[in-house]
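The next block holds one structure in the form of structure tokens; read it before the comments.
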Amino acid sequence: MKKFSVLMIIALLGAALLTACAPAETVTVIETVIVEKEGETIIETVEKEVEVPSKTLVLDSEMFSPPAEQIFFIDEILKPFEEETGITVTFQIVKGEDMFDRLTAQQATGHVTTDMILAFNGRFAWYTDEGWMGSLDETVNTWDDRSILPAFDGQAVVDGTRYFVPISADVYLTIANNKALDYLPVGADMDNLTYEQYADWAVAIAAGENEGKVCMTGIPMKMWIYQFSSSALAYGLPGAGNPEPAFPNLNAPQTVKAWEQWAKIGAGDGFMPTILSVDNCVDFLMREEAWLSVTHNARVGQVYASNETQFTVGPAPMGDTAIGSIAGAHGLGIVEDSANVEAALLLLEYLTRPEIQLKMNKGTGGFLPVVAEALDYLGDDPTDEIIRKALIVLDNANGSFLPVSDFQDWGAVKQLFDDVFSEMVLNGDGTIDQALLDAKQVALEALRK
Amino acid sequence: MASTFKPLIKASRRTMFYLFVVSITVMIITPLFFLISLSFLSTDASYSYPLPLLPSLSENYELTTGERGYLLSLEQRNGEYKTMLDTDDMEKMAVYMKTRLSTPISIPELEELTARVDHEGTVYFKRRSDLLNNYYTFFQITRDAGPAFIRSLQIAGMTILISLSIGGLAGYAFARYTFIGKNLLKFSTLFVRMFPAIAIALPMVIILAKMGFYDQPIGLSLVYSIGSIALTIWITSSIFMGIPESLEEAAQVFGATKFQAFLRVTFPLALPGLAAAAMYAFLGAWNETVSAIILTQFNPTFSVVVYQSLVGATGQVNLAAAGGMVMAIPSVIFTFFIRRYIRQMWGGMTI
Amino acid sequence: MALAINTERRRKIGKQIVPYLLVLPVLFYYIAFWARPVVQQLVQSFTSLEGQFTLNNYIMVFTDLNFLPALRNTSIIVVFSVTLEFFIALLLALLINRKFPGSGIFLFLTMIPMALPAVAVGALWKTGLTTNGWINSLLTYLGILTEGGKIYWLAGSIWKLLALMIIIDAWQVIPSIMIILLAGLQNIPKETEEAGYVFGGNYFTVLRKITLPLLSSTIQTAVILRLIAAIQIWLIVIVIVGFSRMPVLVERIVYYHEEVPRLTISPAMASGYTIIVTIIVSIAALAYLWVSGAFRRKRKEV
């Protein structure tokens, strides 16, 4: 009996081995191709044997990863494109760092199978620095029916050449569970909220519920610098590239005004008790562990969609000068060595069409279209409202790009902000420790190249 | 006197023993129970507190006129109704009821209900829950799950084959022979496990791709075997060491060749160790994504397609649980079979 | 006569070569698939940005603010989790080896946690440890928490998080240690243990004097493999508390590889940490083997 099972296992393994060693597949496919014949374009079906990899356009994406967004993007956006052009799009979700590794391996070995990437703007430089992306100028310059928002050109255009086209933007919005509205300070209004009111609100909720209810994305390591600096920008801190003090800054008068608000929340125990472990507020807002958050509009859209009757959305809070926000975007780039550049350019053209822009950004939960003309298509259902509020932020925001390359170690810069967060905000008594801020600013200056 | 108590003592000892076994089982099972239960819950239920122990089989709804159209509310466990959606778009409501609440409904049915709302005001209705909704959704977004599944099985099989053959031989050598440099050699085989594999995942994949394995996932078993060879060496050598050499010698006395003696006597006794090593190799290969995601494009492994489906599944932890369950099934089945070899009786009987 | 000696010697030499032949495929395998990237990492760790030899990378790692906390956290996890996991695994293995009715299914159940993929483990503990999660729900149902009462599992000191991490890791890892020990237990002849009882030993003396000594090489294997893996723990830490909240050594490598791969210092930090981790693991493994007596001449088989 035992001998028999052993033999069985060995046989199974052997079979696995044999099938595994089978040669690479080629398949016969019926392909729909557009053929130009005597001046007219007709669609023909051709039967031919091809190696699988060569017939499809591969789009690697770190965006649209939530399952609902994947389904919508594939079924409602890509499918019409495939029907229109006959091109099959293989859409693959990959995390940002994995996508970079993928391309590294492909470039190092010459197997360029990824034709097109949809990446976060903070990572555009990874690819342009390596010189892997092809220029998109030739195509983009021919577009006269659409104007791409120039906010992200700082990363998408390098030395006058465009390598990426942003297709979705992300700004901060405020989202509140309706249970929190009972505590909204007198005179405050979600559509014109200030950071003072936000702080008072957070403290009032904590006092009333005996539990802090403010959530922030990516405390401590990844995002606090962005969340905080948005508020500092709202109090008039100039964006990066301006004369000092400018973003990133820890101790300027404008920055201190922002610290005061956050310190007030901390002193009133307004933050969720587990705030230091929170990576993404979506789950916590849905579980009602958090009632109040300023977070990215797509994530706000995700929470809002879970129960529209339970949440209220507004723009990011204002400081005394503006709404502050560090905007992010995701953009398309085409790998220079790709064998399917033409197909990729067709997809790029398709995804930036104003009506597709709105359909895509809306359907995937409330991203912000980056083609100005797309906004003509805005309606008035709840998701349109979110987009409209995000637009208010984008229009009124004092923004900044991320001067990552000015510093030896951006991780260390982020750490300085986190140190202040845990020492002065979370565990502080609400007062400003100017000496601490000055010391951290000295450390920050030391990190400059 | 004592003899009358003996059965009693024995029985109470036995009870204590089983009580102990049961309490350990409970500790292991409780998290698993919640994981399984979570994979059947609707999104709304999986974010409620306290979390329901079991999925509900049906949901009670209230439909009435709302500000934007029709207001849908869901009955909570305390009998109160919680507002869920306010819209005049019946397609949206149907999608919402399927994806968020796991109670599929057709648009005509909804229209019938709204017609009643127009007449009667508020309507109450009940819908059956689709308990498998998360699993359907998982397979809907996980494209090419079938071929990827087969591929991953092949990779796992190959990994077992490579690591057991190469590692088993070396393990036997370390157990049975004394030779110069033995300790050093045996120790250095462990280096592959001491060096953080995550640090060299990318260069290893590049080597594979240069060998012609780009998008040929079976090549991954070459990389996966590295770690499990080391494991196999150590596990098998410790097992071989425990098998008295005298048994083999006895067989040889009865006329068997050394190889026959090994095959007939030592090998069956070493099966538990080989099974444990195979278990490690299988799990390592089945669950790995870091290298697989870089190497494959058109022919992903199962772990890669699951990763692609679930990497962004924030706000849908019930879906992640369902996907995790699907991915665990082959490992659990493998565990079920391998356990017989890990725990065979002395003398080679399996139960 | 001369010929006979010759064959004798040849056989002897042949016998000496056999073990090397059996080990050779392993060495070839490692050289073919593994050695080059490792050497590259080693070289990288001594190379400055300008391509010169430098020790600066190591200085950077040692002066990294996260290095000492990472070393401390890792050491705590290793000491407690290896000890805890080993003893529970041994207990379970001895238990299952008694082959009581239902022990087969008990073995199967105890093995399931090791079969779970990372995505399931992530979903399980994230929904468990969150404040409105299943653990607090369960405690509420059981009446341990009063209505509205909550335990903030993920708030508070690093020590609490370390303890949680050790328990969660144990839940998943114990089966993998147990199956090695159980495999070893299968090879201890029942007669030997029975002899122990005949000579008046009770369960514990037989265990201590007969079973455990016979199991020693298996125990060494189980512990050494676990020790090596425990020093390199990172995934569960990231899944539950994210990067940098509770630094551990290999988490630092992953951080520089995945979170901030394009910083100027990242390759240096990653390779520096990698080599340092390797050295720490090697020393720990050697120390363990030394203490446990693996290098002593093996006594003759029973």
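Numbering starts fresh at 1 for the residues of each chain in the structure tokens, the chains themselves are lettered A, B, ... in the order given, and ligands are numbered from 1 as they appear.
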Check: Which residues come within 6 Å of stretch 414-429 of chain A, counting only C-alpha atoms, excluding same-chain residues fewer than 6 positions away, as a PyMOL selection string?
Finding: chain A and resi 220+225+263+266-267
Next item on the list: Return as a PyMOL selection string the residues belonging to chain C that are within 6 Å of chain B, counting only C-alpha atoms.
Entry: chain C and resi 19+22-23+37+115-117+119-120+123-124+132+134+137+183-184+217-218+221+278+281
Item checked: alpha helix (DSSP H) call set, DSSP backbone run, stretch 164-299 of chain C, as a PyMOL selection string -> chain C and resi 164-185+190-198+203-206+212-214+216-231+235-241+249-254+266-292
Next, dump the selected residues to file, keeping only C-alpha atoms, as a compact mmCIF listing (two decimals), in the first residue's frame.
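File written: result36.txt
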# COMPACT_ATOMS: atom_id res chain seq x y z
CA LEU C 164 1.60 40.10 19.91
CA MET C 165 4.04 39.43 17.11
CA ILE C 166 5.58 36.51 19.00
CA ILE C 167 2.18 34.94 19.65
CA ILE C 168 0.94 35.36 16.09
CA ASP C 169 4.18 34.06 14.67
CA ALA C 170 4.00 31.07 17.01
CA TRP C 171 0.49 30.26 15.89
CA GLN C 172 1.68 29.92 12.34
CA VAL C 173 5.15 28.49 12.79
CA ILE C 174 4.70 25.84 15.49
CA PRO C 175 3.38 23.21 13.05
CA SER C 176 6.47 23.47 10.87
CA ILE C 177 8.72 22.71 13.84
CA MET C 178 6.37 20.04 15.07
CA ILE C 179 6.44 18.03 11.87
CA ILE C 180 10.23 17.79 11.96
CA LEU C 181 10.17 16.63 15.57
CA LEU C 182 7.36 14.22 14.83
CA ALA C 183 9.27 12.77 11.90
CA GLY C 184 12.21 12.23 14.22
CA LEU C 185 10.04 10.58 16.87
CA LYS C 190 9.12 1.46 20.64
CA GLU C 191 11.19 -1.33 22.18
CA THR C 192 13.80 1.10 23.44
CA GLU C 193 11.25 3.17 25.28
CA GLU C 194 9.52 0.07 26.55
CA ALA C 195 12.81 -1.15 27.94
CA GLY C 196 12.99 2.09 29.86
CA TYR C 197 9.62 1.44 31.44
CA VAL C 198 10.55 -2.16 32.24
CA TYR C 203 7.10 8.79 31.60
CA PHE C 204 9.32 11.74 32.36
CA THR C 205 12.48 9.82 33.12
CA VAL C 206 12.04 7.81 29.93
CA LEU C 212 15.15 13.18 24.00
CA PRO C 213 18.76 11.93 23.66
CA LEU C 214 17.68 9.77 20.73
CA SER C 216 18.85 15.09 19.70
CA SER C 217 19.90 15.41 16.07
CA THR C 218 16.32 16.08 15.02
CA ILE C 219 15.97 18.67 17.74
CA GLN C 220 19.15 20.34 16.53
CA THR C 221 17.76 20.49 13.02
CA ALA C 222 14.40 21.83 14.10
CA VAL C 223 15.89 24.50 16.32
CA ILE C 224 18.60 25.59 13.91
CA LEU C 225 16.13 25.96 11.05
CA ARG C 226 13.75 27.90 13.25
CA LEU C 227 16.52 30.05 14.66
CA ILE C 228 17.66 31.02 11.18
CA ALA C 229 14.14 31.84 10.08
CA ALA C 230 13.26 33.72 13.26
CA ILE C 231 16.17 36.14 12.94
CA LEU C 235 6.56 39.77 6.71
CA ILE C 236 4.21 39.43 9.65
CA VAL C 237 5.66 42.58 11.18
CA ILE C 238 4.96 44.60 8.05
CA VAL C 239 1.51 43.11 7.61
CA ILE C 240 0.45 44.05 11.11
CA VAL C 241 2.24 47.28 11.99
CA LEU C 249 16.63 43.58 10.86
CA VAL C 250 15.33 42.08 7.63
CA GLU C 251 12.43 44.53 7.57
CA ARG C 252 15.15 47.19 7.13
CA ILE C 253 16.45 45.39 4.03
CA VAL C 254 12.96 45.16 2.60
CA SER C 266 19.45 52.62 -0.49
CA PRO C 267 21.77 50.13 -2.22
CA ALA C 268 24.44 50.76 0.38
CA MET C 269 22.04 50.39 3.29
CA ALA C 270 20.35 47.32 1.82
CA SER C 271 23.59 45.49 1.09
CA GLY C 272 25.10 46.53 4.42
CA TYR C 273 22.11 45.27 6.34
CA THR C 274 22.07 42.09 4.25
CA ILE C 275 25.65 41.18 5.07
CA ILE C 276 25.26 42.12 8.71
CA VAL C 277 22.15 39.97 9.00
CA THR C 278 23.99 37.07 7.38
CA ILE C 279 26.84 37.43 9.85
CA ILE C 280 24.49 37.65 12.82
CA VAL C 281 22.56 34.59 11.68
CA SER C 282 25.74 32.62 11.09
CA ILE C 283 27.14 33.45 14.50
CA ALA C 284 23.86 32.59 16.19
CA ALA C 285 23.60 29.32 14.30
CA LEU C 286 27.20 28.36 15.02
CA ALA C 287 26.82 29.27 18.66
CA TYR C 288 23.72 27.14 18.93
CA LEU C 289 25.34 24.17 17.23
CA TRP C 290 28.39 24.53 19.46
CA VAL C 291 26.35 24.62 22.63
CA SER C 292 24.09 21.79 21.56
Notebook entry, point to check: Taking the backbone alone, and naming residues the way the document does, which bits of stretch 92-249 of chain B are strand (DSSP E or B) by DSSP, as a PyMOL selection string?
Noted result: chain B and resi 123-128
Kindly export the residues of the current selection with all heavy atoms, as a PDB file, in the first residue's frame.
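Result file follows (part-v9.pdb):
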ATOM      1  N   VAL B 123     -41.966  49.995   1.763  1.00  0.00           N
ATOM      2  CA  VAL B 123     -42.095  48.571   1.466  1.00  0.00           C
ATOM      3  C   VAL B 123     -41.014  47.812   2.219  1.00  0.00           C
ATOM      4  O   VAL B 123     -39.876  48.264   2.310  1.00  0.00           O
ATOM      5  CB  VAL B 123     -41.942  48.335  -0.055  1.00  0.00           C
ATOM      6  CG1 VAL B 123     -41.815  46.855  -0.347  1.00  0.00           C
ATOM      7  CG2 VAL B 123     -43.107  48.926  -0.816  1.00  0.00           C
ATOM      8  N   TYR B 124     -41.382  46.678   2.797  1.00  0.00           N
ATOM      9  CA  TYR B 124     -40.384  45.818   3.442  1.00  0.00           C
ATOM     10  C   TYR B 124     -40.236  44.552   2.615  1.00  0.00           C
ATOM     11  O   TYR B 124     -41.219  43.988   2.143  1.00  0.00           O
ATOM     12  CB  TYR B 124     -40.822  45.458   4.860  1.00  0.00           C
ATOM     13  CG  TYR B 124     -40.839  46.670   5.765  1.00  0.00           C
ATOM     14  CD1 TYR B 124     -41.983  47.447   5.889  1.00  0.00           C
ATOM     15  CD2 TYR B 124     -39.686  47.025   6.468  1.00  0.00           C
ATOM     16  CE1 TYR B 124     -41.983  48.571   6.693  1.00  0.00           C
ATOM     17  CE2 TYR B 124     -39.685  48.147   7.269  1.00  0.00           C
ATOM     18  CZ  TYR B 124     -40.836  48.920   7.389  1.00  0.00           C
ATOM     19  OH  TYR B 124     -40.824  50.024   8.167  1.00  0.00           O
ATOM     20  N   PHE B 125     -39.018  44.132   2.409  1.00  0.00           N
ATOM     21  CA  PHE B 125     -38.836  42.867   1.681  1.00  0.00           C
ATOM     22  C   PHE B 125     -37.588  42.146   2.186  1.00  0.00           C
ATOM     23  O   PHE B 125     -36.761  42.704   2.890  1.00  0.00           O
ATOM     24  CB  PHE B 125     -38.771  43.105   0.175  1.00  0.00           C
ATOM     25  CG  PHE B 125     -37.596  43.929  -0.287  1.00  0.00           C
ATOM     26  CD1 PHE B 125     -36.489  43.318  -0.866  1.00  0.00           C
ATOM     27  CD2 PHE B 125     -37.593  45.318  -0.152  1.00  0.00           C
ATOM     28  CE1 PHE B 125     -35.411  44.077  -1.292  1.00  0.00           C
ATOM     29  CE2 PHE B 125     -36.509  46.082  -0.582  1.00  0.00           C
ATOM     30  CZ  PHE B 125     -35.424  45.460  -1.146  1.00  0.00           C
ATOM     31  N   LYS B 126     -37.516  40.878   1.790  1.00  0.00           N
ATOM     32  CA  LYS B 126     -36.457  40.006   2.292  1.00  0.00           C
ATOM     33  C   LYS B 126     -35.730  39.405   1.088  1.00  0.00           C
ATOM     34  O   LYS B 126     -36.390  39.038   0.111  1.00  0.00           O
ATOM     35  CB  LYS B 126     -37.115  38.900   3.116  1.00  0.00           C
ATOM     36  CG  LYS B 126     -36.167  37.961   3.804  1.00  0.00           C
ATOM     37  CD  LYS B 126     -36.984  36.988   4.660  1.00  0.00           C
ATOM     38  CE  LYS B 126     -36.076  36.144   5.517  1.00  0.00           C
ATOM     39  NZ  LYS B 126     -36.808  35.488   6.594  1.00  0.00           N
ATOM     40  N   ARG B 127     -34.432  39.349   1.135  1.00  0.00           N
ATOM     41  CA  ARG B 127     -33.688  38.720   0.040  1.00  0.00           C
ATOM     42  C   ARG B 127     -32.779  37.643   0.616  1.00  0.00           C
ATOM     43  O   ARG B 127     -32.181  37.820   1.688  1.00  0.00           O
ATOM     44  CB  ARG B 127     -32.811  39.733  -0.703  1.00  0.00           C
ATOM     45  CG  ARG B 127     -33.559  40.824  -1.392  1.00  0.00           C
ATOM     46  CD  ARG B 127     -34.418  40.327  -2.529  1.00  0.00           C
ATOM     47  NE  ARG B 127     -33.665  39.656  -3.571  1.00  0.00           N
ATOM     48  CZ  ARG B 127     -34.233  39.122  -4.657  1.00  0.00           C
ATOM     49  NH1 ARG B 127     -35.553  39.175  -4.813  1.00  0.00           N
ATOM     50  NH2 ARG B 127     -33.513  38.539  -5.584  1.00  0.00           N
ATOM     51  N   ARG B 128     -32.609  36.559  -0.143  1.00  0.00           N
ATOM     52  CA  ARG B 128     -31.663  35.525   0.283  1.00  0.00           C
ATOM     53  C   ARG B 128     -30.243  35.987   0.027  1.00  0.00           C
ATOM     54  O   ARG B 128     -29.957  36.640  -0.964  1.00  0.00           O
ATOM     55  CB  ARG B 128     -31.921  34.233  -0.500  1.00  0.00           C
ATOM     56  CG  ARG B 128     -33.172  33.536  -0.051  1.00  0.00           C
ATOM     57  CD  ARG B 128     -32.992  32.036   0.231  1.00  0.00           C
ATOM     58  NE  ARG B 128     -31.872  31.376  -0.391  1.00  0.00           N
ATOM     59  CZ  ARG B 128     -32.014  30.492  -1.378  1.00  0.00           C
ATOM     60  NH1 ARG B 128     -33.194  30.204  -1.863  1.00  0.00           N
ATOM     61  NH2 ARG B 128     -30.960  29.882  -1.859  1.00  0.00           N
TER      62      ARG B 128
END
I want to know what sits within 8 Å of A:Leu118, based on only C-alpha atoms, with residues of the same chain fewer than 4 positions away left out; could you give that as a PDB file with N, CA and C atoms, in the first residue's frame?
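Written output follows (out_26.pdb):
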ATOM      1  N   LEU A  59      -0.286  46.184 -20.365  1.00  0.00           N
ATOM      2  CA  LEU A  59      -0.297  47.385 -19.547  1.00  0.00           C
ATOM      3  C   LEU A  59      -0.115  46.977 -18.092  1.00  0.00           C
ATOM      4  N   ASP A  60       1.040  47.321 -17.530  1.00  0.00           N
ATOM      5  CA  ASP A  60       1.267  47.081 -16.105  1.00  0.00           C
ATOM      6  C   ASP A  60       0.820  48.317 -15.347  1.00  0.00           C
ATOM      7  N   SER A  61       0.090  48.106 -14.267  1.00  0.00           N
ATOM      8  CA  SER A  61      -0.463  49.267 -13.583  1.00  0.00           C
ATOM      9  C   SER A  61      -0.377  49.132 -12.080  1.00  0.00           C
ATOM     10  N   GLU A  62       0.018  50.229 -11.423  1.00  0.00           N
ATOM     11  CA  GLU A  62      -0.069  50.217  -9.966  1.00  0.00           C
ATOM     12  C   GLU A  62      -1.334  50.944  -9.528  1.00  0.00           C
ATOM     13  N   MET A  63      -2.135  51.367 -10.499  1.00  0.00           N
ATOM     14  CA  MET A  63      -3.371  52.054 -10.182  1.00  0.00           C
ATOM     15  C   MET A  63      -4.546  51.118 -10.440  1.00  0.00           C
ATOM     16  N   HIS A 330      -1.477  59.624 -11.365  1.00  0.00           N
ATOM     17  CA  HIS A 330      -0.965  58.422 -12.019  1.00  0.00           C
ATOM     18  C   HIS A 330      -0.923  58.695 -13.508  1.00  0.00           C
ATOM     19  N   GLY A 331       0.145  58.246 -14.160  1.00  0.00           N
ATOM     20  CA  GLY A 331       0.285  58.567 -15.577  1.00  0.00           C
ATOM     21  C   GLY A 331       0.764  57.390 -16.401  1.00  0.00           C
ATOM     22  N   LEU A 332       0.489  57.479 -17.698  1.00  0.00           N
ATOM     23  CA  LEU A 332       0.873  56.426 -18.636  1.00  0.00           C
ATOM     24  C   LEU A 332       2.192  56.761 -19.297  1.00  0.00           C
ATOM     25  N   GLY A 333       3.033  55.758 -19.426  1.00  0.00           N
ATOM     26  CA  GLY A 333       4.256  55.904 -20.195  1.00  0.00           C
ATOM     27  C   GLY A 333       4.433  54.671 -21.056  1.00  0.00           C
TER      28      GLY A 333
END
Next item on the list: Choose the residue, out of A:Ala290, A:Val303, A:Ile77, A:Val256, that has the smallest atom-to-atom separation from chain B; count only C-alpha atoms.
Entry: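 Answer, going by the shortest atom-to-atom distance: A:Val303.
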Notebook entry, point to check: Can you tell me how far atom CA of A:Ser229 sits from atom CA of A:Thr383, in Å to one decimal?
Noted result: 27.0 Å
Check: Leaving out B:Leu54 and any residue of its chain fewer than 2 positions from it, which residues lie within 8 Å of it when counting only C-alpha atoms, given as a list of chain:residue names?
Finding: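 The filter keeps B:Ser37, B:Leu41, B:Pro52, B:Ser56.
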Could you give me, as JSON lines, every chain C residue with an atom at most 7 Å from chain A, plus its closest atom pair and distance in Å to one decimal, counting only C-alpha atoms, rows ordered by chain then number?
{"residue": "C:Thr131", "atom": "CA", "partner": "A:Glu289", "partner_atom": "CA", "distance": 6.9}
{"residue": "C:Asn132", "atom": "CA", "partner": "A:Glu289", "partner_atom": "CA", "distance": 6.5}
{"residue": "C:Tyr152", "atom": "CA", "partner": "A:Thr274", "partner_atom": "CA", "distance": 6.7}
{"residue": "C:Leu154", "atom": "CA", "partner": "A:Thr274", "partner_atom": "CA", "distance": 5.5}
{"residue": "C:Ala155", "atom": "CA", "partner": "A:Thr274", "partner_atom": "CA", "distance": 4.4}
{"residue": "C:Val241", "atom": "CA", "partner": "A:Ser277", "partner_atom": "CA", "distance": 5.0}
{"residue": "C:Gly242", "atom": "CA", "partner": "A:Ser277", "partner_atom": "CA", "distance": 6.7}
{"residue": "C:Phe243", "atom": "CA", "partner": "A:Met221", "partner_atom": "CA", "distance": 7.0}
{"residue": "C:Ser244", "atom": "CA", "partner": "A:Met221", "partner_atom": "CA", "distance": 6.5}
{"residue": "C:Glu258", "atom": "CA", "partner": "A:Glu97", "partner_atom": "CA", "distance": 5.5}
{"residue": "C:Leu263", "atom": "CA", "partner": "A:Asp409", "partner_atom": "CA", "distance": 6.1}
{"residue": "C:Thr264", "atom": "CA", "partner": "A:Gln408", "partner_atom": "CA", "distance": 6.5}
{"residue": "C:Ile265", "atom": "CA", "partner": "A:Asp409", "partner_atom": "CA", "distance": 6.8}
Please produce a file of those selected residues containing all heavy atoms, as a CSV table (one decimal), in the first residue's frame.
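So result.csv came out as:
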chain,number,residue,atom,x,y,z
C,131,THR,N,-9.3,47.5,16.3
C,131,THR,CA,-10.1,47.7,17.5
C,131,THR,C,-11.5,47.1,17.4
C,131,THR,O,-12.0,46.5,18.3
C,131,THR,CB,-10.2,49.2,17.8
C,131,THR,OG1,-8.8,49.7,17.8
C,131,THR,CG2,-10.8,49.5,19.2
C,132,ASN,N,-12.1,47.4,16.2
C,132,ASN,CA,-13.5,46.8,16.0
C,132,ASN,C,-13.3,45.5,15.2
C,132,ASN,O,-14.0,45.2,14.2
C,132,ASN,CB,-14.4,47.7,15.2
C,132,ASN,CG,-14.8,48.9,16.0
C,132,ASN,OD1,-14.5,49.0,17.2
C,132,ASN,ND2,-15.5,49.8,15.4
C,152,TYR,N,-7.4,48.1,22.8
C,152,TYR,CA,-6.7,48.6,21.7
C,152,TYR,C,-5.4,47.8,21.5
C,152,TYR,O,-4.4,48.2,22.0
C,152,TYR,CB,-6.4,50.1,21.9
C,152,TYR,CG,-7.7,50.9,22.1
C,152,TYR,CD1,-8.0,51.4,23.3
C,152,TYR,CD2,-8.5,51.2,21.0
C,152,TYR,CE1,-9.2,52.1,23.5
C,152,TYR,CE2,-9.6,51.9,21.1
C,152,TYR,CZ,-10.0,52.4,22.4
C,152,TYR,OH,-11.2,53.1,22.5
C,154,LEU,N,-3.4,47.3,19.0
C,154,LEU,CA,-2.3,47.9,18.2
C,154,LEU,C,-1.9,49.2,18.7
C,154,LEU,O,-1.0,49.9,18.1
C,154,LEU,CB,-2.6,47.9,16.7
C,154,LEU,CG,-2.8,46.6,16.1
C,154,LEU,CD1,-3.2,46.7,14.6
C,154,LEU,CD2,-1.6,45.7,16.2
C,155,ALA,N,-2.4,49.7,19.9
C,155,ALA,CA,-2.0,50.9,20.4
C,155,ALA,C,-1.0,50.6,21.6
C,155,ALA,O,-0.9,49.5,22.0
C,155,ALA,CB,-3.1,51.7,21.0
C,241,VAL,N,2.0,45.9,11.5
C,241,VAL,CA,2.2,47.3,12.0
C,241,VAL,C,2.9,48.2,10.9
C,241,VAL,O,3.1,49.3,11.2
C,241,VAL,CB,3.1,47.3,13.3
C,241,VAL,CG1,2.4,46.7,14.4
C,241,VAL,CG2,4.4,46.7,13.1
C,242,GLY,N,3.2,47.6,9.8
C,242,GLY,CA,3.8,48.5,8.7
C,242,GLY,C,5.2,48.7,8.9
C,242,GLY,O,5.8,48.3,9.9
C,243,PHE,N,5.8,49.4,7.9
C,243,PHE,CA,7.3,49.6,8.0
C,243,PHE,C,7.6,50.6,9.1
C,243,PHE,O,6.9,51.5,9.4
C,243,PHE,CB,7.7,50.3,6.6
C,243,PHE,CG,7.9,49.2,5.5
C,243,PHE,CD1,7.0,49.2,4.5
C,243,PHE,CD2,9.0,48.4,5.5
C,243,PHE,CE1,7.1,48.3,3.5
C,243,PHE,CE2,9.1,47.4,4.5
C,243,PHE,CZ,8.2,47.4,3.5
C,244,SER,N,8.8,50.4,9.7
C,244,SER,CA,9.4,51.4,10.6
C,244,SER,C,8.7,51.6,11.9
C,244,SER,O,9.3,52.2,12.8
C,244,SER,CB,9.6,52.8,9.9
C,244,SER,OG,10.3,52.6,8.8
C,258,GLU,N,12.1,48.1,-1.1
C,258,GLU,CA,10.8,48.2,-1.6
C,258,GLU,C,10.1,49.6,-1.3
C,258,GLU,O,9.4,50.1,-2.1
C,258,GLU,CB,9.8,47.2,-1.1
C,258,GLU,CG,10.2,45.8,-1.6
C,258,GLU,CD,9.1,44.8,-1.3
C,258,GLU,OE1,8.2,45.1,-0.6
C,258,GLU,OE2,9.3,43.7,-1.9
C,263,LEU,N,16.6,55.9,-3.2
C,263,LEU,CA,17.4,56.9,-2.5
C,263,LEU,C,18.9,56.6,-2.8
C,263,LEU,O,19.2,55.4,-3.1
C,263,LEU,CB,17.2,56.7,-1.0
C,263,LEU,CG,15.9,57.1,-0.4
C,263,LEU,CD1,15.9,56.8,1.1
C,263,LEU,CD2,15.6,58.5,-0.7
C,264,THR,N,19.7,57.6,-2.7
C,264,THR,CA,21.1,57.4,-3.0
C,264,THR,C,21.7,56.4,-2.1
C,264,THR,O,22.6,55.6,-2.4
C,264,THR,CB,21.9,58.7,-2.9
C,264,THR,OG1,21.2,59.6,-2.1
C,264,THR,CG2,22.2,59.3,-4.3
C,265,ILE,N,21.2,56.4,-0.8
C,265,ILE,CA,21.8,55.5,0.1
C,265,ILE,C,21.3,54.1,0.1
C,265,ILE,O,21.8,53.2,0.8
C,265,ILE,CB,21.7,56.1,1.6
C,265,ILE,CG1,20.2,56.3,1.9
C,265,ILE,CG2,22.5,57.3,1.7
C,265,ILE,CD1,20.0,56.3,3.4
Checklist line | Non-local contacts of stretch 146-149 of chain C (9 Å; only C-alpha atoms; under 4 positions in same chain excluded) as a ChimeraX atom specification | finding: /C:136,139-140
Taking N, CA, C and O atoms for each residue, export the selection above as a compact mmCIF listing (two decimals), in the first residue's frame.
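Result went into part03.txt, see below:
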# COMPACT_ATOMS: atom_id res chain seq x y z
N ASN C 136 -11.91 41.36 19.57
CA ASN C 136 -12.75 42.09 20.50
C ASN C 136 -14.21 41.64 20.41
O ASN C 136 -14.92 41.58 21.42
N LEU C 139 -14.47 38.45 22.37
CA LEU C 139 -14.42 38.72 23.80
C LEU C 139 -15.74 39.32 24.28
O LEU C 139 -16.18 39.07 25.41
N THR C 140 -16.38 40.11 23.41
CA THR C 140 -17.68 40.66 23.78
C THR C 140 -18.73 39.56 23.87
O THR C 140 -19.49 39.49 24.83
Notebook entry, point to check: Contacts of A:Cys281 at 9 Å or less, counting only C-alpha atoms, minus same-chain residues fewer than 6 places along, as a VMD selection string?
Noted result: chain A and resid 215 to 218 290 293 295 299 to 300 303
Notebook entry, point to check: Using only C-alpha atoms, which residues sit within 8 Å of A:Thr161 once same-chain residues fewer than 3 positions away are excluded, as a PyMOL selection string?
Noted result: chain A and resi 135-137+157-158
